[in-house]
>>> print(open('structure_9.txt').read())   # compact mmCIF, C-alpha atoms
# COMPACT_ATOMS: atom_id res chain seq x y z
CA MET A 11 -66.87 -24.32 -50.25
CA GLU A 12 -63.99 -23.69 -52.61
CA PHE A 13 -62.67 -26.88 -54.16
CA ASP A 14 -58.90 -27.34 -54.15
CA SER A 15 -58.13 -28.96 -57.51
CA ASN A 16 -54.77 -30.24 -56.25
CA SER A 17 -56.00 -31.68 -52.95
CA TRP A 18 -56.76 -35.07 -54.48
CA ILE A 19 -53.19 -35.25 -55.73
CA ARG A 20 -51.75 -34.41 -52.34
CA ASP A 21 -54.08 -36.84 -50.59
CA GLY A 22 -53.31 -39.58 -53.10
CA VAL A 23 -49.58 -39.15 -52.71
CA TYR A 24 -49.84 -39.00 -48.92
CA TYR A 25 -52.17 -41.95 -48.33
CA TYR A 26 -51.34 -44.19 -51.33
CA PRO A 27 -47.85 -43.22 -52.45
CA HIS A 28 -46.95 -46.39 -54.39
CA LEU A 29 -50.36 -46.77 -56.14
CA PHE A 30 -50.68 -43.08 -56.96
CA GLY A 31 -47.07 -42.93 -58.08
CA GLY A 32 -47.71 -45.72 -60.55
CA ILE A 33 -50.75 -43.88 -61.97
CA MET A 34 -48.80 -40.64 -62.32
CA LEU A 35 -45.89 -42.46 -63.98
CA THR A 36 -48.24 -44.00 -66.57
CA ALA A 37 -49.84 -40.63 -67.21
CA ALA A 38 -46.47 -38.96 -67.58
CA LEU A 39 -45.30 -41.52 -70.12
CA LEU A 40 -48.57 -41.22 -72.05
CA GLY A 41 -48.26 -37.44 -72.08
CA LEU A 42 -44.80 -37.62 -73.62
CA SER A 43 -45.88 -40.05 -76.33
CA THR A 44 -48.85 -37.89 -77.47
CA SER A 45 -47.22 -34.48 -77.12
CA TYR A 46 -46.73 -34.21 -80.87
CA PHE A 47 -50.53 -34.37 -81.39
CA GLY A 48 -51.45 -31.73 -78.92
CA GLY A 49 -50.57 -33.95 -75.98
CA ILE A 50 -52.29 -34.46 -72.73
CA ILE A 51 -51.39 -32.02 -70.03
CA VAL A 52 -50.27 -33.82 -66.88
CA PRO A 53 -50.38 -31.85 -63.63
CA THR A 54 -47.05 -31.14 -61.99
CA MET A 55 -46.12 -33.71 -59.37
CA PRO A 56 -45.72 -32.22 -55.91
CA TYR A 57 -42.92 -34.71 -55.10
CA ASN A 58 -40.12 -36.26 -57.10
CA LEU A 59 -40.68 -39.88 -58.01
CA SER A 60 -37.33 -40.67 -56.48
CA ASP A 61 -38.66 -39.32 -53.18
CA LEU A 62 -41.47 -41.88 -53.33
CA GLY A 63 -38.91 -44.67 -53.59
CA LEU A 64 -40.35 -46.03 -56.84
CA PHE A 65 -36.97 -46.22 -58.53
CA GLN A 66 -34.94 -47.02 -55.44
CA ARG A 67 -33.84 -50.62 -55.40
CA LYS A 68 -34.06 -52.00 -51.90
CA LYS A 69 -30.58 -52.43 -50.50
CA TYR A 70 -30.01 -55.76 -48.88
CA GLY A 71 -26.92 -56.28 -46.70
CA LYS A 72 -24.46 -58.87 -47.91
CA LYS A 73 -25.38 -62.30 -46.57
CA ARG A 74 -23.04 -63.31 -43.79
CA ILE A 75 -21.49 -66.70 -44.40
CA ARG A 76 -21.72 -69.00 -41.39
CA VAL A 77 -19.27 -71.89 -41.15
CA TYR A 78 -19.19 -74.84 -38.78
CA MET A 79 -16.25 -76.80 -37.45
CA ASP A 80 -16.30 -79.44 -34.76
CA GLY A 81 -13.78 -81.33 -32.70
CA CYS A 82 -12.98 -82.94 -29.38
CA PHE A 83 -10.60 -80.10 -28.44
CA ASP A 84 -9.07 -82.26 -25.74
CA LEU A 85 -5.78 -80.85 -24.42
CA MET A 86 -6.38 -77.66 -26.40
CA HIS A 87 -3.28 -76.47 -28.27
CA TYR A 88 -2.22 -73.96 -30.91
CA GLY A 89 -3.01 -76.50 -33.66
CA HIS A 90 -6.67 -76.39 -32.66
CA ALA A 91 -6.52 -72.59 -32.51
CA ASN A 92 -4.96 -72.35 -35.96
CA ALA A 93 -7.58 -74.70 -37.42
CA LEU A 94 -10.36 -72.49 -36.09
CA ARG A 95 -8.54 -69.39 -37.34
CA GLN A 96 -8.46 -70.88 -40.84
CA ALA A 97 -12.12 -71.91 -40.60
CA LYS A 98 -13.15 -68.38 -39.60
CA ALA A 99 -11.31 -67.03 -42.67
CA LEU A 100 -13.67 -69.06 -44.89
CA GLY A 101 -16.73 -67.20 -43.62
CA ASP A 102 -17.98 -64.35 -41.49
CA GLU A 103 -19.22 -66.23 -38.43
CA LEU A 104 -17.71 -69.36 -36.93
CA VAL A 105 -19.85 -71.85 -35.03
CA VAL A 106 -17.90 -74.57 -33.23
CA GLY A 107 -19.24 -77.93 -32.12
CA VAL A 108 -17.61 -79.54 -29.08
CA VAL A 109 -18.00 -83.32 -29.22
CA SER A 110 -19.59 -84.93 -26.15
CA ASP A 111 -17.63 -87.05 -23.66
CA GLU A 112 -19.70 -90.12 -24.61
CA GLU A 113 -18.96 -89.72 -28.33
CA ILE A 114 -15.23 -89.27 -27.67
CA ILE A 115 -15.13 -92.43 -25.52
CA ALA A 116 -16.93 -94.41 -28.23
CA ASN A 117 -14.69 -93.21 -31.07
CA LYS A 118 -11.28 -92.31 -29.59
CA GLY A 119 -11.05 -93.30 -25.95
CA PRO A 120 -11.51 -91.30 -22.75
CA PRO A 121 -10.95 -87.52 -22.90
CA VAL A 122 -8.50 -85.88 -20.49
CA LEU A 123 -10.56 -82.70 -20.04
CA SER A 124 -14.22 -82.50 -19.07
CA MET A 125 -16.85 -81.02 -21.35
CA GLU A 126 -17.03 -77.91 -19.16
CA GLU A 127 -13.27 -77.37 -19.43
CA ARG A 128 -13.28 -77.89 -23.18
CA LEU A 129 -16.15 -75.42 -23.60
CA VAL A 130 -14.20 -72.78 -21.66
CA LEU A 131 -11.16 -73.29 -23.89
CA VAL A 132 -13.09 -73.14 -27.17
CA SER A 133 -15.21 -70.16 -26.12
CA GLY A 134 -12.03 -68.36 -25.08
CA LEU A 135 -10.61 -68.34 -28.62
CA LYS A 136 -10.73 -65.01 -30.45
CA TRP A 137 -12.07 -66.48 -33.70
CA VAL A 138 -15.08 -68.32 -32.22
CA ASP A 139 -18.53 -66.69 -32.41
CA GLU A 140 -20.82 -69.48 -31.16
CA VAL A 141 -20.39 -72.87 -29.51
CA ILE A 142 -22.60 -75.96 -29.71
CA ALA A 143 -22.08 -78.30 -26.76
CA ASN A 144 -22.33 -82.10 -27.02
CA ALA A 145 -21.99 -82.24 -30.79
CA PRO A 146 -21.91 -85.70 -32.42
CA TYR A 147 -18.60 -87.14 -33.63
CA GLU A 148 -20.16 -88.05 -36.98
CA ILE A 149 -22.00 -85.56 -39.19
CA THR A 150 -25.25 -87.50 -39.49
CA GLU A 151 -28.06 -86.48 -41.82
CA GLU A 152 -30.22 -85.40 -38.88
CA PHE A 153 -27.47 -83.24 -37.36
CA MET A 154 -26.48 -81.83 -40.75
CA ASN A 155 -30.07 -80.70 -41.39
CA ARG A 156 -30.12 -79.15 -37.93
CA LEU A 157 -26.95 -77.22 -38.77
CA PHE A 158 -28.38 -75.97 -42.06
CA ASN A 159 -31.88 -75.13 -40.82
CA GLU A 160 -31.54 -74.12 -37.16
CA HIS A 161 -28.02 -72.71 -37.12
CA LYS A 162 -28.08 -71.40 -40.72
CA ILE A 163 -24.73 -72.99 -41.51
CA ASP A 164 -23.45 -72.58 -45.06
CA TYR A 165 -20.37 -74.80 -44.95
CA ILE A 166 -18.93 -77.54 -42.76
CA ILE A 167 -15.15 -77.37 -42.30
CA HIS A 168 -12.50 -79.95 -41.44
CA GLY A 169 -8.75 -80.39 -41.83
CA ASP A 170 -7.01 -82.31 -44.59
CA ASP A 171 -6.25 -85.19 -42.20
CA PRO A 172 -8.84 -88.01 -42.43
CA CYS A 173 -11.45 -88.35 -39.69
CA LEU A 174 -12.58 -91.95 -39.69
CA LEU A 175 -15.28 -93.70 -37.69
CA PRO A 176 -14.58 -97.05 -35.98
CA ASP A 177 -15.94 -98.85 -39.08
CA GLY A 178 -13.46 -96.99 -41.30
CA THR A 179 -15.97 -94.67 -43.00
CA ASP A 180 -15.52 -90.91 -43.38
CA ALA A 181 -17.22 -88.90 -40.61
CA TYR A 182 -17.83 -86.04 -43.09
CA ALA A 183 -19.08 -88.11 -46.05
CA LEU A 184 -22.61 -86.63 -46.00
CA ALA A 185 -21.36 -83.03 -45.87
CA LYS A 186 -19.11 -83.71 -48.87
CA LYS A 187 -21.97 -85.35 -50.76
CA ALA A 188 -24.18 -82.32 -50.07
CA GLY A 189 -21.55 -80.00 -51.57
CA ARG A 190 -21.34 -78.05 -48.32
CA TYR A 191 -17.87 -79.15 -47.21
CA LYS A 192 -14.64 -77.14 -47.20
CA GLN A 193 -11.18 -78.24 -46.22
CA ILE A 194 -8.39 -76.47 -44.35
CA LYS A 195 -4.75 -77.30 -43.86
CA ARG A 196 -3.73 -79.26 -40.79
CA THR A 197 -1.26 -77.52 -38.47
CA GLU A 198 1.87 -79.61 -38.39
CA GLY A 199 4.02 -80.39 -35.38
CA VAL A 200 1.41 -80.90 -32.68
CA SER A 201 -1.62 -82.99 -31.77
CA SER A 202 -3.36 -84.08 -28.60
CA THR A 203 -1.82 -87.52 -29.17
CA ASP A 204 1.62 -85.91 -29.31
CA ILE A 205 1.03 -84.02 -26.05
CA VAL A 206 -0.18 -87.14 -24.25
CA GLY A 207 2.95 -88.84 -25.56
CA ARG A 208 5.14 -86.10 -24.08
CA ILE A 209 3.47 -86.52 -20.68
CA LEU A 210 3.82 -90.31 -20.76
CA ALA A 211 7.47 -89.97 -21.79
CA TYR A 212 8.01 -87.54 -18.90
CA MET A 213 6.59 -90.11 -16.49
CA LYS A 214 8.75 -92.88 -17.95
CA ASP A 215 11.91 -90.77 -17.75
CA ALA A 216 11.12 -89.72 -14.18
CA LYS A 217 10.65 -93.39 -13.20
CA VAL A 218 13.98 -94.36 -14.78
CA ALA A 219 15.72 -91.53 -12.94
CA GLU A 220 14.12 -92.61 -9.66
CA ASP A 221 15.12 -96.25 -10.12
CA SER A 222 18.70 -95.36 -11.04
CA ASN A 223 19.00 -93.37 -7.78
CA LYS A 224 22.14 -91.66 -9.10
CA LEU A 225 23.24 -88.30 -7.79
CA PRO A 226 25.12 -85.71 -9.88
CA LEU A 227 28.88 -85.94 -9.45
CA HIS A 228 30.97 -83.05 -8.09
CA GLY A 229 27.98 -80.71 -8.01
CA GLU A 230 27.41 -80.98 -11.80
CA PRO A 231 23.87 -80.88 -13.17
CA ASP A 232 22.14 -84.20 -13.56
CA LYS A 233 23.07 -84.78 -17.20
CA MET A 234 21.05 -87.97 -17.45
CA ASN A 235 17.85 -86.23 -16.41
CA LYS A 236 18.53 -83.32 -18.74
CA THR A 237 18.99 -85.64 -21.71
CA GLN A 238 15.83 -87.55 -20.89
CA GLY A 239 13.94 -84.33 -20.32
CA GLU A 240 15.01 -82.95 -23.68
CA LYS A 241 13.90 -86.18 -25.33
CA SER A 242 10.46 -86.09 -23.72
CA GLN A 243 10.04 -82.45 -24.74
CA ALA A 244 10.75 -83.13 -28.43
CA SER A 245 8.54 -80.97 -30.63
CA HIS A 246 8.16 -81.00 -34.39
CA PHE A 247 6.72 -77.50 -34.52
CA LEU A 248 8.59 -75.08 -36.77
CA PRO A 249 7.67 -71.54 -35.70
CA THR A 250 7.47 -68.83 -38.35
CA SER A 251 7.04 -65.07 -38.08
CA ARG A 252 3.93 -65.28 -40.29
CA ARG A 253 2.18 -67.59 -37.84
CA ILE A 254 2.82 -65.19 -34.97
CA VAL A 255 1.45 -62.31 -37.07
CA GLN A 256 -1.67 -64.36 -37.89
CA PHE A 257 -2.37 -64.89 -34.20
CA SER A 258 -1.52 -61.34 -33.11
CA ASN A 259 -4.04 -58.51 -32.75
CA GLY A 260 -1.52 -56.13 -34.31
CA LYS A 261 -2.61 -53.25 -32.09
CA GLY A 262 -0.88 -51.56 -29.20
CA PRO A 263 -2.48 -49.84 -26.20
CA GLY A 264 -3.85 -46.33 -26.54
CA PRO A 265 -1.98 -43.41 -24.94
CA ASN A 266 -4.25 -43.40 -21.88
CA ALA A 267 -4.93 -47.13 -21.73
CA ARG A 268 -4.75 -48.95 -18.41
CA VAL A 269 -2.26 -51.76 -19.14
CA VAL A 270 -2.57 -54.86 -16.97
CA TYR A 271 0.35 -57.32 -16.85
CA ILE A 272 0.29 -60.97 -15.87
CA ASP A 273 3.09 -63.50 -16.34
CA GLY A 274 3.58 -67.24 -16.16
CA ALA A 275 4.62 -70.39 -18.00
CA PHE A 276 1.16 -71.06 -19.45
CA ASP A 277 2.26 -74.61 -20.14
CA LEU A 278 -0.33 -77.08 -21.46
CA PHE A 279 -2.85 -74.23 -21.89
CA HIS A 280 -5.98 -75.12 -19.91
CA ALA A 281 -9.32 -73.70 -18.68
CA GLY A 282 -7.67 -72.24 -15.58
CA HIS A 283 -5.44 -70.10 -17.80
CA VAL A 284 -8.42 -68.83 -19.80
CA GLU A 285 -10.36 -67.85 -16.68
CA ILE A 286 -7.47 -66.02 -14.98
CA LEU A 287 -6.71 -64.13 -18.22
CA LYS A 288 -10.38 -63.14 -18.47
CA SER A 289 -10.33 -61.84 -14.89
CA ALA A 290 -7.10 -59.92 -15.51
CA ARG A 291 -8.45 -58.32 -18.70
CA GLN A 292 -11.48 -56.99 -16.83
CA LEU A 293 -9.18 -54.87 -14.66
CA GLY A 294 -7.96 -52.68 -17.51
CA ASP A 295 -8.10 -51.74 -21.18
CA PHE A 296 -5.13 -53.75 -22.45
CA LEU A 297 -3.81 -57.13 -21.24
CA LEU A 298 -0.10 -57.78 -21.66
CA VAL A 299 1.02 -61.34 -20.90
CA GLY A 300 4.58 -62.31 -20.12
CA ILE A 301 5.56 -65.88 -21.04
CA TYR A 302 8.62 -67.34 -19.34
CA THR A 303 11.48 -68.88 -21.31
CA ASP A 304 11.92 -72.65 -21.39
CA GLN A 305 15.03 -72.27 -19.24
CA THR A 306 13.18 -70.29 -16.57
CA VAL A 307 10.43 -72.92 -16.40
CA SER A 308 12.90 -75.80 -16.26
CA GLU A 309 14.90 -74.18 -13.46
CA ARG A 310 11.81 -73.86 -11.27
CA ARG A 311 9.79 -76.94 -12.19
CA GLY A 312 12.33 -79.54 -13.24
CA THR A 313 14.12 -80.58 -16.38
CA HIS A 314 11.07 -82.32 -17.87
CA PHE A 315 9.20 -79.04 -18.05
CA PRO A 316 7.85 -77.18 -19.91
CA LEU A 317 5.85 -79.77 -21.84
CA MET A 318 5.28 -77.19 -24.59
CA HIS A 319 8.16 -75.01 -25.69
CA LEU A 320 8.16 -71.20 -25.71
CA HIS A 321 6.72 -70.58 -29.18
CA GLU A 322 4.01 -73.21 -28.71
CA ARG A 323 2.98 -71.62 -25.43
CA SER A 324 3.08 -68.12 -26.94
CA LEU A 325 0.67 -69.05 -29.74
CA SER A 326 -1.75 -70.68 -27.29
CA VAL A 327 -1.86 -67.50 -25.22
CA LEU A 328 -2.09 -65.22 -28.28
CA GLY A 329 -5.13 -67.16 -29.49
CA CYS A 330 -7.05 -66.26 -26.34
CA ARG A 331 -9.64 -63.51 -26.89
CA TYR A 332 -8.76 -61.75 -23.64
CA VAL A 333 -5.10 -61.23 -24.55
CA ASP A 334 -3.91 -58.14 -26.42
CA GLU A 335 -0.15 -58.73 -26.53
CA VAL A 336 2.51 -61.11 -25.23
CA ILE A 337 6.15 -60.80 -24.26
CA ILE A 338 7.84 -63.89 -25.69
CA GLY A 339 10.49 -64.84 -23.15
CA ALA A 340 9.51 -62.54 -20.30
CA PRO A 341 11.93 -62.06 -17.40
CA TRP A 342 11.24 -63.79 -14.09
CA GLU A 343 11.66 -60.55 -12.17
CA ILE A 344 9.70 -57.42 -13.05
CA THR A 345 11.89 -54.30 -13.07
CA HIS A 346 11.28 -50.54 -12.94
CA ASP A 347 12.44 -50.28 -16.53
CA MET A 348 9.92 -52.89 -17.64
CA MET A 349 7.07 -51.09 -15.85
CA THR A 350 8.02 -47.85 -17.63
CA THR A 351 8.71 -49.36 -21.06
CA PHE A 352 5.30 -51.01 -21.31
CA ASN A 353 3.46 -48.32 -19.34
CA ILE A 354 2.11 -50.96 -16.97
CA SER A 355 -0.58 -49.73 -14.57
CA LEU A 356 -1.19 -52.96 -12.68
CA VAL A 357 0.59 -56.31 -12.22
CA VAL A 358 -1.55 -59.28 -11.19
CA HIS A 359 -0.82 -62.85 -10.12
CA GLY A 360 -3.25 -65.71 -9.53
CA THR A 361 -3.75 -67.45 -6.20
CA VAL A 362 -3.36 -70.85 -7.87
CA ALA A 363 0.09 -71.53 -9.33
CA GLU A 364 2.48 -74.42 -9.91
CA SER A 365 4.97 -73.24 -7.30
CA ASN A 366 5.52 -70.35 -4.91
CA SER A 367 8.99 -68.90 -5.42
CA LEU A 368 8.80 -67.18 -2.04
CA LEU A 369 8.84 -70.58 -0.32
CA ASN A 370 12.17 -71.37 -1.97
CA GLY A 371 13.90 -68.38 -0.41
CA GLU A 372 14.15 -66.58 -3.75
CA LYS A 373 13.83 -62.85 -4.20
CA ASP A 374 10.22 -61.81 -4.72
CA PRO A 375 9.85 -61.26 -8.51
CA TYR A 376 7.01 -58.80 -7.83
CA ALA A 377 8.90 -56.63 -5.33
CA VAL A 378 9.07 -53.62 -7.67
CA PRO A 379 5.35 -53.37 -8.60
CA LYS A 380 4.50 -53.98 -4.94
CA SER A 381 6.72 -51.07 -3.88
CA MET A 382 4.96 -48.90 -6.46
CA GLY A 383 1.50 -49.87 -5.20
CA MET A 384 0.78 -51.53 -8.56
CA PHE A 385 0.41 -55.19 -7.60
CA ARG A 386 -2.69 -57.24 -6.87
CA MET A 387 -3.31 -60.90 -6.08
CA LEU A 388 -6.12 -62.19 -8.23
CA GLU A 389 -8.38 -64.98 -7.04
CA SER A 390 -7.98 -67.86 -9.49
CA PRO A 391 -11.44 -68.93 -10.75
CA LYS A 392 -10.32 -72.55 -11.18
CA ALA A 393 -7.96 -74.75 -9.19
CA ILE A 394 -6.40 -76.31 -12.28
CA THR A 395 -2.66 -76.48 -12.95
CA THR A 396 -0.51 -78.01 -15.67
CA THR A 397 0.61 -80.67 -13.19
CA SER A 398 -2.95 -81.57 -12.18
CA VAL A 399 -3.90 -82.08 -15.85
CA ALA A 400 -0.79 -84.21 -16.46
CA GLN A 401 -1.60 -86.29 -13.38
CA ARG A 402 -4.96 -87.25 -14.88
CA ILE A 403 -3.07 -88.96 -17.70
CA ILE A 404 -0.48 -90.51 -15.39
CA ALA A 405 -3.23 -91.86 -13.13
CA ASN A 406 -4.71 -93.72 -16.13
CA HIS A 407 -1.35 -94.62 -17.63
CA ASP A 408 -2.28 -97.98 -19.19
CA LEU A 409 -5.49 -96.63 -20.71
CA TYR A 410 -3.77 -93.67 -22.38
CA MET A 411 -0.80 -95.80 -23.49
CA LYS A 412 -3.22 -98.07 -25.35
CA ARG A 413 -5.13 -95.12 -26.81
CA ASN A 414 -1.95 -93.38 -27.92
CA ALA A 415 -0.51 -96.50 -29.55
CA LYS A 416 -3.61 -96.70 -31.76
CA LYS A 417 -3.55 -92.98 -32.59
CA GLU A 418 0.17 -92.96 -33.32
CA GLU A 419 -0.34 -95.64 -35.95
CA SER A 420 -2.94 -93.53 -37.75
CA GLU A 421 -0.66 -90.48 -37.51
CA LYS A 422 2.23 -92.42 -39.04
CA LYS A 423 -0.07 -93.48 -41.89
CA TYR A 424 -1.13 -89.87 -42.42
CA TYR A 425 2.46 -88.63 -42.65
CA ALA A 426 3.43 -91.52 -44.95
CA GLN A 427 0.67 -90.57 -47.41
CA LYS A 428 0.91 -86.84 -46.83
CA LYS A 429 0.87 -84.47 -49.80
CA TYR A 430 1.32 -80.72 -49.97
CA VAL A 431 -1.88 -78.78 -49.26
CA SER A 432 -2.01 -75.06 -49.99
CA GLY A 433 -3.25 -72.78 -47.27
CA ASP A 434 -2.05 -71.39 -43.96
>>> encode(input="structure_9.txt", output="structure tokens")
Amino acid sequence: MEFDSNSWIRDGVYYYPHLFGGIMLTAALLGLSTSYFGGIIVPTMPYNLSDLGLFQRKKYGKKRIRVYMDGCFDLMHYGHANALRQAKALGDELVVGVVSDEEIIANKGPPVLSMEERLVLVSGLKWVDEVIANAPYEITEEFMNRLFNEHKIDYIIHGDDPCLLPDGTDAYALAKKAGRYKQIKRTEGVSSTDIVGRILAYMKDAKVAEDSNKLPLHGEPDKMNKTQGEKSQASHFLPTSRRIVQFSNGKGPGPNARVVYIDGAFDLFHAGHVEILKSARQLGDFLLVGIYTDQTVSERRGTHFPLMHLHERSLSVLGCRYVDEVIIGAPWEITHDMMTTFNISLVVHGTVAESNSLLNGEKDPYAVPKSMGMFRMLESPKAITTTSVAQRIIANHDLYMKRNAKKEESEKKYYAQKKYVSGD
């Protein structure tokens, strides 16, 4: 049998590429160093060394930074959303811990929203990647190790406002000590305490108006109620164009996109809003949300509403992952021109709403899309309304008054000692 002198090379390369490649590399280097003395002839390699991967450094993907932020997220508002937006900017993946009802009661007082409702709100934010339910209020050593080892968290995030335990100690002391803590800037102008205060003020004003039993003179608007309503709606939020850009997707619908439109007040953004927006988004490629003006809401729900003004409500809706675009100050009535301008394919409205304008003898605001065969009633997944959430607070008036008085003191202290913090 004829012996193939190169078969051992081929077999070596095929079956033991890394080992044989190393031998050949050594031989090649030796051959070069002795070539001046007659050299050693090294057989030609059948493959390039680069093909064997000997000189190819293994490419590892960049490690994704995972950050963690927790909170009660009770009466979810745009301040919460902006905090999570900032947290996400400090890493690649954002894991959010939602503090348990029991922990909130022990450290702050009773929550307004249930755990299930708060989970829906947090999960519905566009910047959130994962959610941990029933997180502790304090970052204990045991929980911190769980974050680092099980959830692969790199940094723990919190705002520049202090988070103190009942004994006065810092809830994030251990994370800071471990060197795994990062701070973001608090969003000014709103807090859950502030919103509860608005609702309690609304109730107080309504009671005063009821006791006074005064009717408007000569058909004039009830000026007293309007003044009280404006007082209870006081907001310290200063809207900027940059904040709206930060919350916006910045993308319009494609030329053949099916645009779905839904409108409303979206006051005191709650789990019912998230679920109906999710359902609406599933009916098309692009969800456009119309948000009524403050005047429109007040005319239909009373002078004490909305509890959140137009720009506050717009940011809350924009932060929802199911929303692509909003109309800030949408008209009450949908027109032909509006349908054409935004290339709307379908208009939807939920079965659960604050009020039914048709019962008041008003013109149907959805008459045009109905005449075009482009309207659909959408079954509301949850029977929650802004009023029903507010009534939870009113029903436990004394409890929330006491809780708010304590929180307002700490907020005053924060603002008294406040210093400029860079960030957005």
>>> atom_distance(input="structure_9.txt", atom1="atom CA of Ile205 of chain A", atom2="atom CA of Leu135 of chain A")
19.7 Å
>>> closest_residue(input="structure_9.txt", among="A:Glu372, A:Asp277, A:Glu335, A:Asp170", to="Glu198 of chain A", atoms="only C-alpha atoms")
A:Asp170
>>> closest_residue(input="structure_9.txt", among="A:Val122, A:Cys330, A:Cys173, A:Leu248", to="Leu287 of chain A", atoms="only C-alpha atoms")
A:Cys330
>>> atom_distance(input="structure_9.txt", atom1="atom CA of Arg331 of chain A", atom2="atom CA of Val130 of chain A")
11.6 Å
>>> residues_near_point(input="structure_9.txt", point="(-0.8, -51.4, -11.2)", cutoff="8 Å", atoms="only C-alpha atoms", output="PDB file with C-alpha atoms, keeping the file's coordinate frame")
ATOM      1  CA  VAL A 270      -2.570 -54.860 -16.970  1.00  0.00           C
ATOM      2  CA  ILE A 354       2.110 -50.960 -16.970  1.00  0.00           C
ATOM      3  CA  SER A 355      -0.580 -49.730 -14.570  1.00  0.00           C
ATOM      4  CA  LEU A 356      -1.190 -52.960 -12.680  1.00  0.00           C
ATOM      5  CA  VAL A 357       0.590 -56.310 -12.220  1.00  0.00           C
ATOM      6  CA  VAL A 358      -1.550 -59.280 -11.190  1.00  0.00           C
ATOM      7  CA  PRO A 379       5.350 -53.370  -8.600  1.00  0.00           C
ATOM      8  CA  MET A 382       4.960 -48.900  -6.460  1.00  0.00           C
ATOM      9  CA  GLY A 383       1.500 -49.870  -5.200  1.00  0.00           C
ATOM     10  CA  MET A 384       0.780 -51.530  -8.560  1.00  0.00           C
ATOM     11  CA  PHE A 385       0.410 -55.190  -7.600  1.00  0.00           C
ATOM     12  CA  ARG A 386      -2.690 -57.240  -6.870  1.00  0.00           C
TER      13      ARG A 386
END
>>> atom_distance(input="structure_9.txt", atom1="atom CA of Gly169 of chain A", atom2="atom CA of Val206 of chain A")
20.7 Å
>>> closest_residue(input="structure_9.txt", among="A:Lys162, A:Lys412, A:Arg128, A:Arg95", to="Ile75 of chain A", atoms="only C-alpha atoms")
A:Lys162
>>> closest_residue(input="structure_9.txt", among="A:Gly260, A:Pro176, A:Gly339, A:Pro249", to="Ala275 of chain A", atoms="all atoms listed in the file")
A:Gly339
>>> closest_residue(input="structure_9.txt", among="A:Ala363, A:Ile149, A:Met79, A:Leu298", to="Tyr182 of chain A", atoms="all atoms listed in the file")
A:Ile149
